[in-house]
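> Structure file model34.txt (compact mmCIF, C-alpha atoms) right here:
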```
# COMPACT_ATOMS: atom_id res chain seq x y z
CA MET A 1 -32.08 6.27 -6.96
CA ASN A 2 -34.13 5.92 -3.77
CA MET A 3 -35.52 2.71 -2.41
CA PRO A 4 -37.91 2.24 0.47
CA ASN A 5 -36.44 1.78 3.92
CA SER A 6 -37.41 -1.87 3.96
CA ALA A 7 -34.99 -2.55 1.12
CA ALA A 8 -32.06 -2.19 3.51
CA SER A 9 -30.25 -5.36 4.49
CA PRO A 10 -31.92 -5.74 7.90
CA ASN A 11 -29.92 -8.74 9.03
CA ARG A 12 -26.61 -6.93 8.51
CA SER A 13 -27.11 -3.29 9.46
CA ALA A 14 -29.65 -1.40 11.51
CA LEU A 15 -28.79 1.88 9.78
CA THR A 16 -29.81 2.90 6.27
CA ASN A 17 -27.13 4.38 4.00
CA GLY A 18 -29.11 7.54 3.16
CA SER A 19 -27.50 9.79 5.75
CA GLY A 20 -23.97 8.77 4.74
CA ALA A 21 -24.80 9.13 1.04
CA ALA A 22 -26.18 12.63 1.68
CA ALA A 23 -22.97 13.67 3.46
CA ILE A 24 -20.75 12.22 0.70
CA LEU A 25 -22.66 13.74 -2.21
CA ALA A 26 -22.89 17.12 -0.45
CA ALA A 27 -19.12 17.10 0.12
CA GLY A 28 -18.58 16.36 -3.58
CA ILE A 29 -20.97 19.13 -4.63
CA GLY A 30 -19.42 21.58 -2.14
CA SER A 31 -15.90 20.85 -3.40
CA PHE A 32 -16.98 21.19 -7.02
CA SER A 33 -18.75 24.49 -6.25
CA LEU A 34 -15.54 25.83 -4.78
CA ALA A 35 -13.55 24.85 -7.85
CA LEU A 36 -16.19 26.26 -10.20
CA LEU A 37 -16.43 29.58 -8.34
CA ALA A 38 -12.62 29.84 -8.22
CA CYS A 39 -12.42 29.17 -11.96
CA ALA A 40 -15.20 31.64 -12.77
CA GLY A 41 -13.60 34.30 -10.57
CA ASP A 42 -10.30 33.78 -12.33
CA LYS A 43 -11.78 34.12 -15.82
CA LEU A 44 -14.52 36.76 -15.47
CA ALA A 45 -13.79 40.19 -14.00
CA ALA A 46 -17.43 40.79 -13.06
CA VAL A 47 -17.60 37.51 -11.13
CA LYS A 48 -14.26 38.26 -9.49
CA ASN A 49 -15.52 41.63 -8.23
CA GLY A 50 -18.77 40.08 -7.04
CA LEU A 51 -16.85 37.52 -5.01
CA ILE A 52 -15.08 40.11 -2.88
CA PHE A 53 -17.02 39.69 0.37
CA TYR A 54 -14.11 40.79 2.55
CA LYS A 55 -11.72 43.19 0.85
CA PRO A 56 -8.42 42.20 2.55
CA THR A 57 -8.92 38.56 1.45
CA GLY A 58 -10.28 39.47 -1.99
CA PRO A 59 -12.27 37.07 -4.19
CA LEU A 60 -11.14 34.08 -2.09
CA SER A 61 -13.60 35.22 0.59
CA GLY A 62 -16.55 34.93 -1.81
CA VAL A 63 -15.34 31.71 -3.41
CA THR A 64 -15.04 29.91 -0.07
CA THR A 65 -18.11 31.44 1.61
CA GLY A 66 -20.23 30.66 -1.46
CA ALA A 67 -18.97 27.10 -1.68
CA ILE A 68 -19.48 26.46 2.04
CA LEU A 69 -23.05 27.76 1.83
CA ILE A 70 -23.79 25.57 -1.21
CA TRP A 71 -22.25 22.56 0.57
CA LEU A 72 -24.19 23.04 3.80
CA VAL A 73 -27.52 23.82 2.15
CA THR A 74 -27.14 20.80 -0.17
CA TRP A 75 -26.24 18.62 2.81
CA VAL A 76 -29.28 19.74 4.85
CA ILE A 77 -31.63 19.13 1.91
CA LEU A 78 -30.17 15.71 1.06
CA GLU A 79 -30.07 14.66 4.72
CA TRP A 80 -33.71 15.66 5.09
CA ARG A 81 -34.71 13.68 2.01
CA TRP A 82 -32.53 10.56 2.45
CA ARG A 83 -32.07 10.25 6.23
CA ASN A 84 -34.28 7.20 6.63
CA ARG A 85 -33.89 5.74 3.17
CA THR A 86 -31.62 3.27 1.47
CA VAL A 87 -30.23 4.79 -1.70
CA GLY A 88 -28.06 3.60 -4.58
CA ILE A 89 -24.81 4.35 -2.82
CA GLY A 90 -22.55 2.99 -5.59
CA ARG A 91 -23.75 5.56 -8.11
CA ILE A 92 -23.88 8.38 -5.55
CA ALA A 93 -20.34 7.66 -4.31
CA ALA A 94 -19.09 7.50 -7.91
CA ILE A 95 -20.67 10.90 -8.67
CA ALA A 96 -19.28 12.41 -5.46
CA LEU A 97 -15.77 11.09 -6.17
CA ALA A 98 -15.95 12.26 -9.79
CA LEU A 99 -16.93 15.75 -8.58
CA LEU A 100 -14.06 15.68 -6.10
CA GLY A 101 -11.62 14.61 -8.82
CA LEU A 102 -12.87 17.38 -11.13
CA SER A 103 -12.50 19.84 -8.27
CA LEU A 104 -8.87 18.85 -7.78
CA LEU A 105 -8.26 19.33 -11.51
CA LEU A 106 -10.07 22.68 -11.68
CA THR A 107 -8.08 24.14 -8.81
CA PHE A 108 -4.73 23.24 -10.40
CA PRO A 109 -3.61 26.51 -12.07
CA PRO A 110 -2.17 25.00 -15.31
CA VAL A 111 -5.56 23.33 -15.93
CA VAL A 112 -7.47 26.56 -15.17
CA ASP A 113 -5.21 28.37 -17.66
CA LEU A 114 -6.41 26.05 -20.44
CA PHE A 115 -9.83 27.73 -20.43
CA MET B 116 15.57 35.60 19.96
CA GLU B 117 12.45 37.33 18.68
CA ILE B 118 9.49 36.84 16.38
CA THR B 119 7.06 39.28 14.78
CA VAL B 120 3.32 39.03 15.36
CA ARG B 121 2.80 38.14 11.69
CA GLY B 122 5.52 35.50 11.92
CA LEU B 123 3.87 34.05 15.00
CA TRP B 124 0.47 33.84 13.28
CA THR B 125 2.10 32.14 10.30
CA LEU B 126 3.67 29.67 12.71
CA ILE B 127 0.33 29.02 14.43
CA HIS B 128 -1.38 28.54 11.04
CA GLY B 129 1.28 26.31 9.46
CA MET B 130 2.92 24.45 12.32
CA GLY B 131 0.16 24.66 14.91
CA PHE B 132 -2.89 23.78 12.84
CA GLY B 133 -1.65 22.61 9.42
CA ALA B 134 1.24 20.37 10.40
CA LEU B 135 -0.69 18.89 13.32
CA TYR B 136 -3.55 18.11 10.94
CA LEU B 137 -1.18 16.38 8.53
CA LEU B 138 0.29 14.33 11.37
CA ALA B 139 -3.20 13.40 12.53
CA CYS B 140 -4.22 12.35 9.00
CA SER B 141 -1.98 9.30 8.81
CA GLY B 142 -3.28 8.06 12.18
CA ALA B 143 -6.88 8.70 11.17
CA LEU B 144 -6.50 6.79 7.89
CA VAL B 145 -5.03 3.74 9.62
CA GLU B 146 -7.61 3.80 12.41
CA LEU B 147 -10.54 4.35 10.05
CA TYR B 148 -9.44 1.40 7.96
CA ARG B 149 -8.82 -0.77 11.03
CA PHE B 150 -12.16 0.09 12.61
CA THR B 151 -14.29 -0.28 9.54
CA ALA B 152 -12.64 -3.02 7.54
CA SER B 153 -10.05 -5.19 9.21
CA SER B 154 -11.15 -6.52 12.61
CA PRO B 155 -14.19 -8.70 13.21
CA PRO B 156 -17.21 -7.08 14.93
CA SER B 157 -16.70 -9.26 18.02
CA GLU B 158 -13.62 -7.19 18.84
CA ALA B 159 -15.67 -4.01 19.02
CA ASN B 160 -14.46 -1.75 21.82
CA PRO B 161 -16.77 1.20 22.55
CA GLY B 162 -13.95 3.10 24.28
CA GLN B 163 -11.71 2.94 21.23
CA GLU B 164 -14.59 3.92 18.98
CA ARG B 165 -15.35 6.92 21.19
CA PHE B 166 -11.67 7.89 21.08
CA LEU B 167 -11.61 7.79 17.28
CA LYS B 168 -14.75 9.92 17.11
CA GLY B 169 -13.10 12.50 19.39
CA TYR B 170 -9.89 12.29 17.32
CA LEU B 171 -11.84 13.02 14.11
CA VAL B 172 -13.67 15.95 15.72
CA ALA B 173 -10.27 17.38 16.79
CA MET B 174 -9.11 17.00 13.17
CA VAL B 175 -12.18 18.88 11.94
CA VAL B 176 -11.35 21.73 14.33
CA LEU B 177 -7.69 21.76 13.22
CA ALA B 178 -8.60 21.76 9.52
CA TRP B 179 -11.07 24.63 9.83
CA ALA B 180 -8.74 26.60 12.10
CA SER B 181 -5.97 26.18 9.55
CA VAL B 182 -7.92 27.39 6.50
CA LEU B 183 -9.68 30.20 8.35
CA THR B 184 -6.48 31.64 9.85
CA GLY B 185 -4.82 31.21 6.46
CA ALA B 186 -7.54 33.01 4.49
CA TYR B 187 -8.54 35.71 6.96
CA VAL B 188 -5.39 36.43 9.00
CA ILE B 189 -2.30 35.63 6.91
CA TYR B 190 -3.48 35.90 3.31
CA PRO B 191 -4.44 39.61 3.66
CA TRP B 192 -0.85 40.31 4.84
CA TYR B 193 0.53 38.22 1.98
CA ARG B 194 -1.40 40.08 -0.75
CA THR B 195 -1.06 43.63 0.61
CA ALA B 196 -0.19 45.98 -2.24
CA PRO B 197 2.85 48.21 -1.66
CA PRO B 198 2.47 51.99 -1.90
CA PRO B 199 3.63 53.42 -5.25
CA GLY B 200 7.39 53.85 -5.45
CA THR B 201 8.20 51.15 -2.88
CA THR B 202 11.51 49.50 -3.71
CA ASP B 203 11.95 47.24 -0.68
CA LEU B 204 9.29 44.53 -1.11
CA ALA B 205 10.24 42.49 1.96
CA MET B 206 6.95 43.39 3.67
CA PHE B 207 4.88 42.52 0.58
CA PRO B 208 5.38 38.77 -0.02
CA GLN B 209 3.16 38.42 -3.09
CA ARG B 210 4.87 41.30 -4.89
CA LEU B 211 8.28 40.07 -3.77
CA LEU B 212 7.63 36.67 -5.36
CA MET B 213 6.24 38.27 -8.53
CA ALA B 214 9.23 40.57 -8.87
CA SER B 215 11.59 37.78 -9.93
CA SER B 216 11.30 35.19 -12.70
CA THR B 217 12.90 32.64 -10.38
CA THR B 218 10.21 33.00 -7.70
CA ILE B 219 7.05 34.05 -9.56
CA GLY B 220 5.97 30.41 -9.88
CA TRP B 221 5.64 30.15 -6.10
CA HIS B 222 2.83 32.69 -6.40
CA SER B 223 1.27 31.86 -9.78
CA LEU B 224 1.31 28.11 -9.16
CA GLY B 225 2.00 27.64 -5.45
CA MET B 226 -0.29 30.21 -3.83
CA GLU B 227 -2.95 30.08 -6.56
CA TRP B 228 -3.22 26.31 -6.02
CA LYS B 229 -2.85 26.34 -2.24
CA GLU B 230 -5.48 28.99 -1.56
CA HIS B 231 -8.19 26.82 -3.12
CA VAL B 232 -7.10 23.19 -2.75
CA ALA B 233 -6.62 23.60 1.02
CA TRP B 234 -10.40 23.96 1.51
CA PHE B 235 -11.02 20.40 0.35
CA ALA B 236 -9.38 19.20 3.56
CA PRO B 237 -11.92 20.62 6.06
CA ILE B 238 -14.90 19.86 3.80
CA SER B 239 -13.80 16.25 3.35
CA ILE B 240 -12.78 15.57 6.96
CA THR B 241 -16.02 17.12 8.27
CA MET B 242 -17.94 14.65 6.13
CA VAL B 243 -15.68 11.77 7.23
CA ALA B 244 -16.16 12.65 10.92
CA PHE B 245 -19.93 13.00 10.51
CA VAL B 246 -20.27 9.63 8.77
CA PHE B 247 -18.05 7.86 11.32
CA ILE B 248 -19.92 9.42 14.26
CA GLN B 249 -23.21 8.40 12.64
CA TYR B 250 -22.26 4.83 11.70
CA GLY B 251 -19.23 3.86 13.79
CA ARG B 252 -18.36 0.19 13.37
CA ASP B 253 -21.56 -0.29 11.40
CA LEU B 254 -19.63 1.11 8.41
CA LYS B 255 -18.34 -2.46 8.00
CA ASN B 256 -21.79 -3.29 6.70
CA HIS B 257 -21.76 -0.45 4.14
CA ARG B 258 -18.84 -1.39 1.91
CA GLN B 259 -19.30 1.31 -0.76
CA LEU B 260 -20.01 4.00 1.81
CA ARG B 261 -16.83 3.02 3.67
CA ALA B 262 -14.76 3.07 0.46
CA ALA B 263 -16.03 6.54 -0.43
CA VAL B 264 -15.32 7.84 3.09
CA LEU B 265 -11.76 6.48 2.94
CA CYS B 266 -11.25 8.10 -0.50
CA PHE B 267 -12.38 11.48 0.85
CA ALA B 268 -10.06 11.04 3.85
CA VAL B 269 -7.13 10.37 1.49
CA VAL B 270 -8.02 13.43 -0.62
CA SER B 271 -8.20 15.49 2.56
CA PHE B 272 -4.66 14.33 3.41
CA VAL B 273 -3.38 15.07 -0.11
CA ALA B 274 -5.03 18.52 -0.20
CA ALA B 275 -3.55 19.44 3.17
CA GLY B 276 -0.17 18.10 2.03
CA VAL B 277 -0.19 20.22 -1.15
CA ALA B 278 -1.23 23.31 0.82
CA GLY B 279 1.38 22.64 3.49
CA PHE B 280 4.19 22.12 0.99
CA CYS B 281 3.33 25.24 -1.03
CA GLY B 282 2.93 27.27 2.15
CA ALA B 283 6.30 26.19 3.50
CA MET B 284 8.06 26.99 0.22
CA ILE B 285 6.33 30.36 -0.17
CA ASN B 286 7.27 31.28 3.38
CA LYS B 287 10.86 30.27 2.64
CA TYR B 288 11.17 32.64 -0.34
CA ALA B 289 8.90 35.45 0.85
CA PRO B 290 8.09 35.20 4.56
CA VAL B 291 5.14 37.09 5.98
CA GLN B 292 6.74 39.61 8.29
CA GLY B 293 5.83 42.69 10.25
CA GLY B 294 3.78 43.82 13.20
CA HIS B 295 5.03 44.08 16.75
CA THR B 296 8.15 42.17 17.69
CA ILE B 297 7.85 39.65 20.48
CA GLN B 298 11.02 39.04 22.47
CA LEU B 299 11.31 35.31 23.16
CA SER B 300 14.63 35.29 25.01
CA GLN B 301 17.69 37.44 25.56
CA GLY B 302 20.82 36.04 23.95
CA GLU B 303 24.21 36.39 25.60
CA GLU B 304 27.03 38.02 23.70
CA LYS B 305 30.02 35.77 22.97
```
Let me see the structure of the file written as C-alpha cells.


Amino acid sequence: MNMPNSAASPNRSALTNGSGAAAILAAGIGSFSLALLACAGDKLAAVKNGLIFYKPTGPLSGVTTGAILIWLVTWVILEWRWRNRTVGIGRIAAIALALLGLSLLLTFPPVVDLF
Amino acid sequence: MEITVRGLWTLIHGMGFGALYLLACSGALVELYRFTASSPPSEANPGQERFLKGYLVAMVVLAWASVLTGAYVIYPWYRTAPPPGTTDLAMFPQRLLMASSTTIGWHSLGMEWKEHVAWFAPISITMVAFVFIQYGRDLKNHRQLRAAVLCFAVVSFVAAGVAGFCGAMINKYAPVQGGHTIQLSQGEEK
C-alpha cells in the first residue's frame, strides 16, 4: 500500500497524501469501533456492564470513550508511519468510507436488532 | 417567563451547540468544495483560506461540545430511574416515553439511534478540519483525498441532522425538566 516519497507527483503537489490518508482511515476505524462497541454492549450483558465507565451515563460512556481512544491511537500510529509517504489513497479512502457506511448501519437500531 | 436549569442545559446543547453546528455544516460543505475543487489556483486568497480553517476549528469545538454536554449532562437526567411507586413520570423522560405505546419508539429508535450516531459528527469533522489545515488549497491536487474528505463532511452533517431531529422530537414528547427555576422576566397580568 505504501510507496516511497519520491513516487508523489512532484510537479503538482509538494505534500504527500500519507497524512491525509492516516486521518481518513483512522476516522473510519474510530467510527466503526464505536458502532461495534455499541452493538456488543447491546447484545452482551457482560460487555454492557464493562462499558459503564461513568454510572449516570451508563454503557454509552464506555462505548464512546473506548471508540475515541481507538480512533486517536490508530491516528497517531498511522500518522507516524505514513506522514512522509505517498500511499494508495483510493483503496484507503474506499476502506474508510466502507467502515463509515457500516458504522451508520450498525448504529441504526432495527439493523442491530437483526443480530 | 422562566426556565429550569435542566431546560436551559438542553437548550444550550440542542440550540446552542447542535443547531449552530448544523447551520455551519452547509456553509462548510459549500466552502470546502469551492476551495478545493472549483476555482483555479491563481485565485488563491490566503485570508479566505485562513478564515475557512478557523471556521472548521469552530465547528470541531461545537460538535464536541454538543456530544459531550449531551452524553454527560443531559443524558443522565434523561435516563434517571424513578423511585419505586412513582406514578408521575414527568421528571423521568425515558420512562415517560416507554410508558406509552405511542411514544416508546422515540426512545427505542430515536434515542437509541441518536446517542450513537451523533458521535460520527465530531469524529468526522475533526478529521476534515485536520486535513484542510494540513493541505489547504493543495487538496485540489489530491482528488481522491478531497472526495473522501467531502464524503466524511456530508456524513457529519447527516449524523448531526439525525441526532438533532431525534433530540427535538424526544424533547417535544418528554422534555428534560427539573432543577432550579431561573426567572427570565416578570409577566404583567392582563

> Could you list, with a cut-off of 7 Å and counting all atoms listed in the file, the residues of chain B near chain A, each shown with its nearest atom pair and the distance in Å rounded to one decimal, rows sorted by chain and ascending number, as a Markdown table?


```
| residue | atom | partner | partner_atom | distance |
| --- | --- | --- | --- | --- |
| B:Ala186 | CA | A:Thr57 | CA | 6.5 |
| B:Tyr187 | CA | A:Thr57 | CA | 6.2 |
| B:Tyr190 | CA | A:Thr57 | CA | 6.3 |
| B:Pro191 | CA | A:Pro56 | CA | 4.9 |
| B:Leu224 | CA | A:Pro109 | CA | 5.9 |
| B:Glu227 | CA | A:Pro109 | CA | 6.6 |
| B:Trp228 | CA | A:Phe108 | CA | 5.6 |
| B:His231 | CA | A:Thr107 | CA | 6.3 |
| B:Val232 | CA | A:Thr107 | CA | 6.2 |
| B:Phe235 | CA | A:Ser31 | CA | 6.2 |
| B:Ile238 | CA | A:Ala27 | CA | 6.2 |
| B:Ser239 | CA | A:Ala27 | CA | 6.3 |
| B:Met242 | CA | A:Ala23 | CA | 5.8 |
| B:Val246 | CA | A:Gly20 | CA | 5.5 |
| B:Asp253 | CA | A:Ser13 | CA | 6.6 |
| B:Asn256 | CA | A:Ser13 | CA | 6.0 |
| B:Gln259 | CA | A:Gly90 | CA | 6.1 |
| B:Leu260 | CA | A:Ile89 | CA | 6.7 |
| B:Ala263 | CA | A:Ala93 | CA | 5.9 |
```

> Looking at all atoms listed in the file, which of B:Leu123, B:Ala178, B:Leu138, B:Leu183 is the one that sits closest to Thr65 (chain A)?

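Going through B:Leu123, B:Ala178, B:Leu138, B:Leu183 one by one, the smallest distance to Thr65 (chain A) is for B:Leu183.
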
> Could you check which of A:Gly62, A:Ile70, A:Glu79, A:Leu36 is closest to Phe245 (chain B), using all atoms listed in the file?

A:Glu79

> Name all residues at most 6 Å from region 285-294 of chain B (count all atoms listed in the file; drop same-chain ones fewer than 6 positions away) and give them as a compact mmCIF listing (two decimals) with C-alpha atoms, keeping the file's coordinate frame.


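The new file around-v5.txt reads:
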```
# COMPACT_ATOMS: atom_id res chain seq x y z
CA THR B 119 7.06 39.28 14.78
CA VAL B 120 3.32 39.03 15.36
CA ARG B 121 2.80 38.14 11.69
CA GLY B 122 5.52 35.50 11.92
CA MET B 206 6.95 43.39 3.67
CA PRO B 208 5.38 38.77 -0.02
CA TRP B 221 5.64 30.15 -6.10
```

> Between CA of Glu117 (chain B) and CA of Val182 (chain B), measure the distance and give it in Å to one decimal.

25.7 Å

> Could you tell me how far CA of Gly225 (chain B) sits from CA of Met174 (chain B), in Å to one decimal place?

24.2 Å
